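Down below is the structure, laid out as structure tokens.
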Amino acid sequence: MAAPFFSTPFQPYVYQSQQGSVTAFQISGGDVQVLQVMLKSQEKLTAKPGTMCYMSGSMQMDNNYLPENDGGVWQWIFGKSVSSTVFFNPGSDDGYVGIAAPFPGRILPVDLANFGGELLCQAVAFLCSVNDVSVTSTVEPRPRNIEIGAEMILKQKLRGQGMAFLVGGGSVMQKILAPREVITVDAACIVAMTTTINFQLKSPNQLRRAVFGGDNQLTASLTGPGVVFIQSLPFHRLSQRIASRSVAGPSLRDNPKFFIQIVMFFFLAYVMIVSSIILTDV
């Protein structure tokens, strides 16, 4: 007997592209996927350094400095890569490039023309792009205000009319928000979203979290219209789970709430001792 089908608010992402601008690609694998992109003559593919798995013999690979990527020189000063690997097909025959996902998850092919030519995404979500796509940082190196918006959480903006490929940890769902429709999500679970969505960050009670423990979870309120992609396992959450179960436990300096809990314990013990003395004297 077949299981019943229910229409849910969140649906798996299905790639759609305009008929006249189809880029040939194939996504293989399950948990850790590999993307193979076919490049015609004089076409290029821009990817993050270290993600190339294989390529055809006719392809040319160059590690180029792109000042508009990731904030340029300021990010380089703080130890972040500002280069991108560019693959170019100079021959007359078609070539191909295999790009591997850097962590377990799903590769999302996105045609920016279907999203108004702009998309906000996490800094670790961008994998590669074909032809007319620019990747810029949305965080000012010298911020003039402390307002936290979508640009502070989703630190990259994709612009253009070409193809971009993103990576989401775990399983990835998409939600199409109607006008004035509101959802609340974990800010770390947002892979990408359109710029038409109104983003408002909700900060938790830091004092309560420091005393009683808990994850540093930031929730965000998203108001439509627009499209948002949600991942079930953000990369930083995966790395934290691995580190917490490693042989060497985390150091005390990585857990500042531990010291606050110790201070609270001694303070409560002091109050109880003093109270017992006073009650005894009475």
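Just so we're on the same page: first chain in the structure tokens is A, next is B, and so on; residues restart at 1 for each chain, and ligands are numbered from 1 in the order they show up.
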
Long-range neighbours of Gly57 in chain A as a PyMOL selection string, 10 Å cut-off, only C-alpha atoms, 5 positions minimum in chain: chain A and resi 89+95-97

Within 9 Å of Asp31 in chain A, counting only C-alpha atoms, which residues show up once you throw out same-chain ones fewer than 5 positions away? Write them as a list in words, please. Phe103, Pro104, Gly105, Arg106 and Gly170 of chain A

Exercise: Leu177 in chain A partners within 7 Å, only C-alpha atoms, chain neighbours under 3 positions left out, as a PyMOL selection string: chain A and resi 181+224-227

What is the CA of Ile242 in chain A to CA of Met193 in chain A distance in Å? 28.0 Å

Pick the closest to Pro90 in chain A from A:Leu39, A:Ala188, A:Ile27, A:Ala125: which is it, counting only C-alpha atoms? A:Leu39

Gly162 in chain A: which residues within 8 Å, counting only C-alpha atoms, same-chain residues fewer than 5 positions away excluded, as a VMD selection string? chain A and resid 111 to 113 129 to 133

Could you please take those selected residues and save N, CA and C atoms as an mmCIF file, in the first residue's frame?
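The resulting file, out39.cif, is reproduced below:
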data_model
loop_
_atom_site.group_PDB
_atom_site.id
_atom_site.type_symbol
_atom_site.label_atom_id
_atom_site.label_comp_id
_atom_site.auth_asym_id
_atom_site.auth_seq_id
_atom_site.Cartn_x
_atom_site.Cartn_y
_atom_site.Cartn_z
ATOM 1 N N ASP A 111 19.768 29.189 -11.289
ATOM 2 C CA ASP A 111 19.811 30.126 -12.408
ATOM 3 C C ASP A 111 19.394 31.495 -11.881
ATOM 4 N N LEU A 112 20.347 32.407 -11.790
ATOM 5 C CA LEU A 112 20.058 33.710 -11.184
ATOM 6 C C LEU A 112 19.008 34.498 -11.951
ATOM 7 N N ALA A 113 18.837 34.197 -13.224
ATOM 8 C CA ALA A 113 17.813 34.898 -14.000
ATOM 9 C C ALA A 113 16.418 34.631 -13.457
ATOM 10 N N SER A 129 30.477 29.043 -10.245
ATOM 11 C CA SER A 129 29.533 29.724 -11.137
ATOM 12 C C SER A 129 30.043 29.639 -12.561
ATOM 13 N N VAL A 130 29.130 29.813 -13.494
ATOM 14 C CA VAL A 130 29.450 29.742 -14.914
ATOM 15 C C VAL A 130 29.130 31.095 -15.553
ATOM 16 N N ASN A 131 30.137 31.647 -16.242
ATOM 17 C CA ASN A 131 29.992 32.871 -17.033
ATOM 18 C C ASN A 131 29.600 34.081 -16.187
ATOM 19 N N ASP A 132 28.468 34.707 -16.486
ATOM 20 C CA ASP A 132 28.158 36.038 -15.978
ATOM 21 C C ASP A 132 27.600 35.989 -14.558
ATOM 22 N N VAL A 133 28.475 35.762 -13.570
ATOM 23 C CA VAL A 133 28.085 35.794 -12.156
ATOM 24 C C VAL A 133 29.213 36.445 -11.370
#

Counting only C-alpha atoms, which of A:Met38, A:Phe266, A:Asp62, A:Leu119 gets nearest to Thr136 in chain A? A:Leu119

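Picture a line from CA of Phe165 in chain A to CA of Ala101 in chain A; it runs 10.1 Å.
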
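Interatomic distance, CA of Val124 in chain A against CA of Lys202 in chain A: 22.2 Å.
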